[in-house]
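Peer 1: Please see the structure below; I have some questions.
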Amino acid sequence: MERAARRHMWTAAFAVFVSGLILWGSAAQAGQLVLKNTSAAPITCTVDGWTLASGWNFDWYIQVPANGAYYVGQNASHVGSDGAPVINWVSCGGLTTRSMTLKPSSPSQTLVLNGQQTRVLNVALYTYLPTLPTDRFEGLANYVVQTYQAANPQILLNATLNSDIDTYNFDGLTTLLGPQGFDVIELDTLYLGYLASSGLINPAKIVGEAPLPAALPGATIDGQLYGIPSWLCMDFIYSGNPALKQQATLAQLLQFFSATPAGQRPLVGDFNGSWRLPSIYINAYVQTYGYGHIAQATTMPPDPGVIASLVSLSDTCNLNGADICTNNTVHNLNNASNGASEQIFATGGASADVGFSEQSFYVNLYGPATPLYVIPTPWGQTPQPLLFQDVFVSSAATCGPSTPCAADATAFTTLMTGMAMKNYITQSQDLPAGSPWRTLLVANAGFWNQPAVQANPVYQQVSGVFATARPFPNTFTAAVQTNMAQSICKSLQASRPAYVCKTGVAASNVVPLPAAKPKPKPAKPASKQRKAA
């Protein structure tokens, strides 16, 4: 009894001290948890790392003042698997979040408490969006929370926009969509077949605004929709030279680059990475043999002709013996600061750039206000746009059909895929006035009918791909992805020994793969195929 009384006194004294320390200042620092109370009464919370159960000396009961905010940092002695201090959950008024992964290096995250909430929705948003170098998506995440909770005041939304949450990992997704994971994740459909076959996600149904027809096949497995289409993406070539618009095939593009003035790098881009290698290979394979043979694109060893096409395109990055697209220079720069290749292009370091449509944000951010010409990247001789895709999926473990969570998740995905939210994000309305548009490829069909979108010069040039676009494969397994990355790396290094693949395996240690199936004959050019039809 005496020990309990002393503990209570110590807890109260410590809380007063920490409260005074953390309430000091008017804004959160990086990596902090912001508890914002919009109700007329205080709300009590406990935080991961500051309770007995999570390794602290006692349970710290935080009083979030009415119409006020409380800022909480990590307990330095409470660390995650990577050794960094972390906050994974917050419990307020009986409602507990999950999987926040809030580290000192993370953007700060705000939870808005209103005194009306009866349940929690845990969401991980796709983080690979362009933004200003000083922005960490905190404003965008807060806007999402405020907009959703205004329409759904009974829900406490734990919405993370945090690159520390790795959604490009087969094993990691099993945890992220498990019992202690997220209810909803916005992720790449490269993993969709794996997640569906593993029973980790629920079948989906579109109840909001209609997506583009081109967005549905990539969100579907064996005739069943498993994801709500959100974003689409594919590689484009950017140039300030209007002649780029006439280059439809790889041969034509190489001829175009051959006229680059002496002393200037023809192309800049990122050709490194364990996912990048399979993706560019599949693009080149389809533009060599036709989309009807896409299933064979994952069969290894790689096709020599396809490898030759990749080498011929990546070689255009070479200047004075340095190929920064393949020697890991651009890849490392992109890891440190997104938009690295676009900055090189925009500031005169290359005559052209290869990247997704949203990378035009950085071209316009770093470059002068001059016309920008854009074409789909010709990877081979038969033009065929392939679309990567990001979709919203819901967890079978925590958000099953007919549960309150399922209805909450539907309301959330309907909001996030609606035109109003897509306009907010693509038009960079969360950023200072005058910021470039993000120009992501939006899966919402109605989005493309808006006059402001049709008047955007980048959107004008890229929207035509939807008429003939086909989906990128969505049935990868970890073994297929790893084998492709390693085998393609080995073949590229056979031609260009300095090629850095970033697969984590040296070329000499690549595990031999099964013999390839017979290769199809190259497809006829698209114009001849149309005449024959």
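Each chain of the structure tokens is named A, B, ... in the order shown, its residues numbered from 1; ligands are numbered from 1 in display order.
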As a ChimeraX atom specification, please: all residues of segment 55-274 of chain A that backbone DSSP puts in strand (DSSP E or B).
Peer 2: /A:62-64,68-72,79,85,87,90-92,95-96,102,109-113,119-124,155-160,184-188,201,211,220-221,224-225,228-233,235-239,265,268
Peer 1: Env of Tyr194 of chain A: 10 Å cut, atoms = only C-alpha atoms, seq-sep filter 4 positions within chain, self excluded. Answer as a short mmCIF file (atom, residue, chain, number, x, y, z; two decimals) with C-alpha atoms, in the first residue's frame.
Peer 2:
```cif
data_model
loop_
_atom_site.label_atom_id
_atom_site.label_comp_id
_atom_site.auth_asym_id
_atom_site.auth_seq_id
_atom_site.Cartn_x
_atom_site.Cartn_y
_atom_site.Cartn_z
CA PHE A 170 6.59 -9.91 -48.95
CA LEU A 173 3.22 -7.32 -45.63
CA THR A 174 2.23 -10.51 -43.84
CA THR A 189 -0.50 -4.46 -57.03
CA LEU A 190 2.79 -6.29 -57.62
CA SER A 198 -2.37 -16.10 -48.75
CA GLY A 199 -5.80 -15.07 -47.49
CA LEU A 200 -4.44 -11.79 -46.12
CA ILE A 201 -6.89 -9.45 -47.88
CA ILE A 221 -7.13 -11.79 -59.43
CA ASN A 474 0.19 -8.75 -60.24
CA THR A 475 1.01 -12.37 -59.36
CA PHE A 476 4.63 -12.09 -58.27
CA THR A 477 6.01 -14.26 -55.51
CA ALA A 478 9.13 -13.54 -53.50
#
```
Peer 1: Excluding Thr347 of chain A and residues on its chain fewer than 2 positions from it, collect all residues at most 7 Å away from it, counting only C-alpha atoms, and give them as an MDAnalysis selection string.
Peer 2: chainID A and resid 343:345 349 366:367
Peer 1: Go through A:Ala159, A:Ala445, A:Ala150, A:Leu250 and flag the residue nearest Val123 of chain A, using only C-alpha atoms for the distances.
Peer 2: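 Among the listed residues, the smallest separation from Val123 of chain A belongs to A:Ala159.
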Peer 1: Can you tell me which residues surround Gly464 of chain A at a distance of at most 12 Å, considering only C-alpha atoms, apart from same-chain residues fewer than 2 positions away, and format the answer as a PyMOL selection string?
Peer 2: chain A and resi 214+374-376+384-385+441+448+454+458-462+466-469
Peer 1: Measuring atom to atom with only C-alpha atoms, identify which of A:Ile62, A:Ala30, A:Leu267, A:Val500 is nearest to Thr329 of chain A.
Peer 2: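 For Thr329 of chain A, the nearest of the candidates is A:Val500.
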Peer 1: For atom CA of Gly321 of chain A and atom CA of Leu492 of chain A, determine how far apart the two atoms are, in Å to one decimal place.
Peer 2: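 Calculated distance between atom CA of Gly321 of chain A and atom CA of Leu492 of chain A is 17.0 Å.
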Peer 1: Suppose you want the space between atom CA of Ser351 of chain A and atom CA of Asn328 of chain A; what is it in Å?
Peer 2: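 Taking atom CA of Ser351 of chain A and atom CA of Asn328 of chain A, their separation equals 19.7 Å.
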Peer 1: I'd like the contact shell of Asn122 of chain A - 9 Å cut-off, only C-alpha atoms, skipping same-chain residues fewer than 2 positions apart - returned as a VMD selection string.
Peer 2: chain A and resid 97 to 100 120 124 156 to 160 181 to 185
Peer 1: How close does each residue of segment 48-139 of chain A get to segment 415-433 of chain A, giving the shortest atom pair and distance in Å to one decimal for every residue with an atom at most 12 Å away, counting only C-alpha atoms, sorted by chain and residue number, as JSON lines?
Peer 2:
```
{"residue": "A:Val123", "atom": "CA", "partner": "A:Met416", "partner_atom": "CA", "distance": 11.5}
{"residue": "A:Leu125", "atom": "CA", "partner": "A:Met416", "partner_atom": "CA", "distance": 9.8}
{"residue": "A:Tyr126", "atom": "CA", "partner": "A:Met416", "partner_atom": "CA", "distance": 11.3}
{"residue": "A:Leu129", "atom": "CA", "partner": "A:Ile425", "partner_atom": "CA", "distance": 9.1}
{"residue": "A:Pro130", "atom": "CA", "partner": "A:Ser428", "partner_atom": "CA", "distance": 9.4}
{"residue": "A:Thr131", "atom": "CA", "partner": "A:Leu431", "partner_atom": "CA", "distance": 8.1}
{"residue": "A:Leu132", "atom": "CA", "partner": "A:Leu431", "partner_atom": "CA", "distance": 7.9}
{"residue": "A:Pro133", "atom": "CA", "partner": "A:Leu431", "partner_atom": "CA", "distance": 11.2}
{"residue": "A:Thr134", "atom": "CA", "partner": "A:Leu431", "partner_atom": "CA", "distance": 10.3}
{"residue": "A:Asp135", "atom": "CA", "partner": "A:Leu431", "partner_atom": "CA", "distance": 8.1}
{"residue": "A:Arg136", "atom": "CA", "partner": "A:Leu431", "partner_atom": "CA", "distance": 10.6}
{"residue": "A:Phe137", "atom": "CA", "partner": "A:Asp430", "partner_atom": "CA", "distance": 8.3}
{"residue": "A:Glu138", "atom": "CA", "partner": "A:Asp430", "partner_atom": "CA", "distance": 9.2}
{"residue": "A:Gly139", "atom": "CA", "partner": "A:Asp430", "partner_atom": "CA", "distance": 6.1}
```
Peer 1: Just to be explicit: take each residue in the selection above, keep C-alpha atoms, and write the result as a PDB file, in the first residue's frame.
Peer 2:
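Listing of part_23.pdb after writing:
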```
ATOM      1  CA  VAL A 123      -4.561   3.013 -42.357  1.00  0.00           C
ATOM      2  CA  LEU A 125      -1.090   5.450 -47.097  1.00  0.00           C
ATOM      3  CA  TYR A 126       1.217   5.192 -50.095  1.00  0.00           C
ATOM      4  CA  LEU A 129       4.454  10.892 -53.775  1.00  0.00           C
ATOM      5  CA  PRO A 130       6.560  13.846 -54.921  1.00  0.00           C
ATOM      6  CA  THR A 131       6.777  16.819 -52.590  1.00  0.00           C
ATOM      7  CA  LEU A 132       8.971  19.755 -51.619  1.00  0.00           C
ATOM      8  CA  PRO A 133      12.340  18.915 -50.010  1.00  0.00           C
ATOM      9  CA  THR A 134      11.181  20.492 -46.736  1.00  0.00           C
ATOM     10  CA  ASP A 135       7.775  18.769 -46.676  1.00  0.00           C
ATOM     11  CA  ARG A 136       7.152  15.455 -44.908  1.00  0.00           C
ATOM     12  CA  PHE A 137       3.458  14.989 -45.775  1.00  0.00           C
ATOM     13  CA  GLU A 138       2.368  16.039 -42.295  1.00  0.00           C
ATOM     14  CA  GLY A 139      -0.033  18.615 -43.732  1.00  0.00           C
TER      15      GLY A 139
END
```
Peer 1: What is the atom CA of Ser395 of chain A-atom CA of Asn202 of chain A distance in Å, reported with one decimal?
Peer 2: 6.3 Å
Peer 1: Which residues are close to segment 241-246 of chain A, i.e. within 9 Å by only C-alpha atoms, leaving aside same-chain residues fewer than 3 positions away? Reply as a count of residues only.
Peer 2: 12
Peer 1: Would you please work out which residue, of A:Asn283, A:Thr410, A:Thr403, A:Asn318, is nearest to Ala262 of chain A when using only C-alpha atoms?
Peer 2: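 Checking each of A:Asn283, A:Thr410, A:Thr403, A:Asn318 against Ala262 of chain A, counting only C-alpha atoms, the winner is A:Asn318.
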Peer 1: May I have all residues of segment 120-166 of chain A that DSSP, computed from the backbone, assigns to alpha helix (DSSP H), given as a PyMOL selection string?
Peer 2: chain A and resi 138-151
Peer 1: So that I have them on file, write out the residues from the current selection with N, CA and C atoms, as a PDB file, in the first residue's frame.
Peer 2:
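Final file, result-v4.pdb:
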```pdb
ATOM      1  N   GLU A 138       3.137  15.871 -43.529  1.00  0.00           N
ATOM      2  CA  GLU A 138       2.368  16.039 -42.295  1.00  0.00           C
ATOM      3  C   GLU A 138       1.077  16.812 -42.559  1.00  0.00           C
ATOM      4  N   GLY A 139       1.160  17.855 -43.400  1.00  0.00           N
ATOM      5  CA  GLY A 139      -0.033  18.615 -43.732  1.00  0.00           C
ATOM      6  C   GLY A 139      -1.038  17.786 -44.503  1.00  0.00           C
ATOM      7  N   LEU A 140      -0.556  16.971 -45.446  1.00  0.00           N
ATOM      8  CA  LEU A 140      -1.444  16.121 -46.229  1.00  0.00           C
ATOM      9  C   LEU A 140      -2.111  15.085 -45.345  1.00  0.00           C
ATOM     10  N   ALA A 141      -1.337  14.438 -44.476  1.00  0.00           N
ATOM     11  CA  ALA A 141      -1.920  13.435 -43.576  1.00  0.00           C
ATOM     12  C   ALA A 141      -2.950  14.064 -42.653  1.00  0.00           C
ATOM     13  N   ASN A 142      -2.669  15.248 -42.132  1.00  0.00           N
ATOM     14  CA  ASN A 142      -3.625  15.917 -41.248  1.00  0.00           C
ATOM     15  C   ASN A 142      -4.907  16.275 -41.990  1.00  0.00           C
ATOM     16  N   TYR A 143      -4.774  16.675 -43.254  1.00  0.00           N
ATOM     17  CA  TYR A 143      -5.964  16.997 -44.050  1.00  0.00           C
ATOM     18  C   TYR A 143      -6.834  15.759 -44.250  1.00  0.00           C
ATOM     19  N   VAL A 144      -6.190  14.626 -44.524  1.00  0.00           N
ATOM     20  CA  VAL A 144      -6.938  13.376 -44.695  1.00  0.00           C
ATOM     21  C   VAL A 144      -7.702  13.033 -43.415  1.00  0.00           C
ATOM     22  N   VAL A 145      -7.015  13.141 -42.274  1.00  0.00           N
ATOM     23  CA  VAL A 145      -7.655  12.828 -40.989  1.00  0.00           C
ATOM     24  C   VAL A 145      -8.830  13.753 -40.741  1.00  0.00           C
ATOM     25  N   GLN A 146      -8.632  15.042 -40.897  1.00  0.00           N
ATOM     26  CA  GLN A 146      -9.690  16.007 -40.610  1.00  0.00           C
ATOM     27  C   GLN A 146     -10.886  15.827 -41.541  1.00  0.00           C
ATOM     28  N   THR A 147     -10.612  15.571 -42.825  1.00  0.00           N
ATOM     29  CA  THR A 147     -11.702  15.410 -43.794  1.00  0.00           C
ATOM     30  C   THR A 147     -12.510  14.159 -43.497  1.00  0.00           C
ATOM     31  N   TYR A 148     -11.813  13.058 -43.207  1.00  0.00           N
ATOM     32  CA  TYR A 148     -12.525  11.808 -42.930  1.00  0.00           C
ATOM     33  C   TYR A 148     -13.314  11.890 -41.630  1.00  0.00           C
ATOM     34  N   GLN A 149     -12.690  12.414 -40.589  1.00  0.00           N
ATOM     35  CA  GLN A 149     -13.368  12.443 -39.288  1.00  0.00           C
ATOM     36  C   GLN A 149     -14.506  13.456 -39.253  1.00  0.00           C
ATOM     37  N   ALA A 150     -14.468  14.488 -40.091  1.00  0.00           N
ATOM     38  CA  ALA A 150     -15.591  15.421 -40.165  1.00  0.00           C
ATOM     39  C   ALA A 150     -16.847  14.710 -40.667  1.00  0.00           C
ATOM     40  N   ALA A 151     -16.658  13.762 -41.593  1.00  0.00           N
ATOM     41  CA  ALA A 151     -17.799  13.005 -42.123  1.00  0.00           C
ATOM     42  C   ALA A 151     -18.094  11.752 -41.317  1.00  0.00           C
TER      43      ALA A 151
END
```
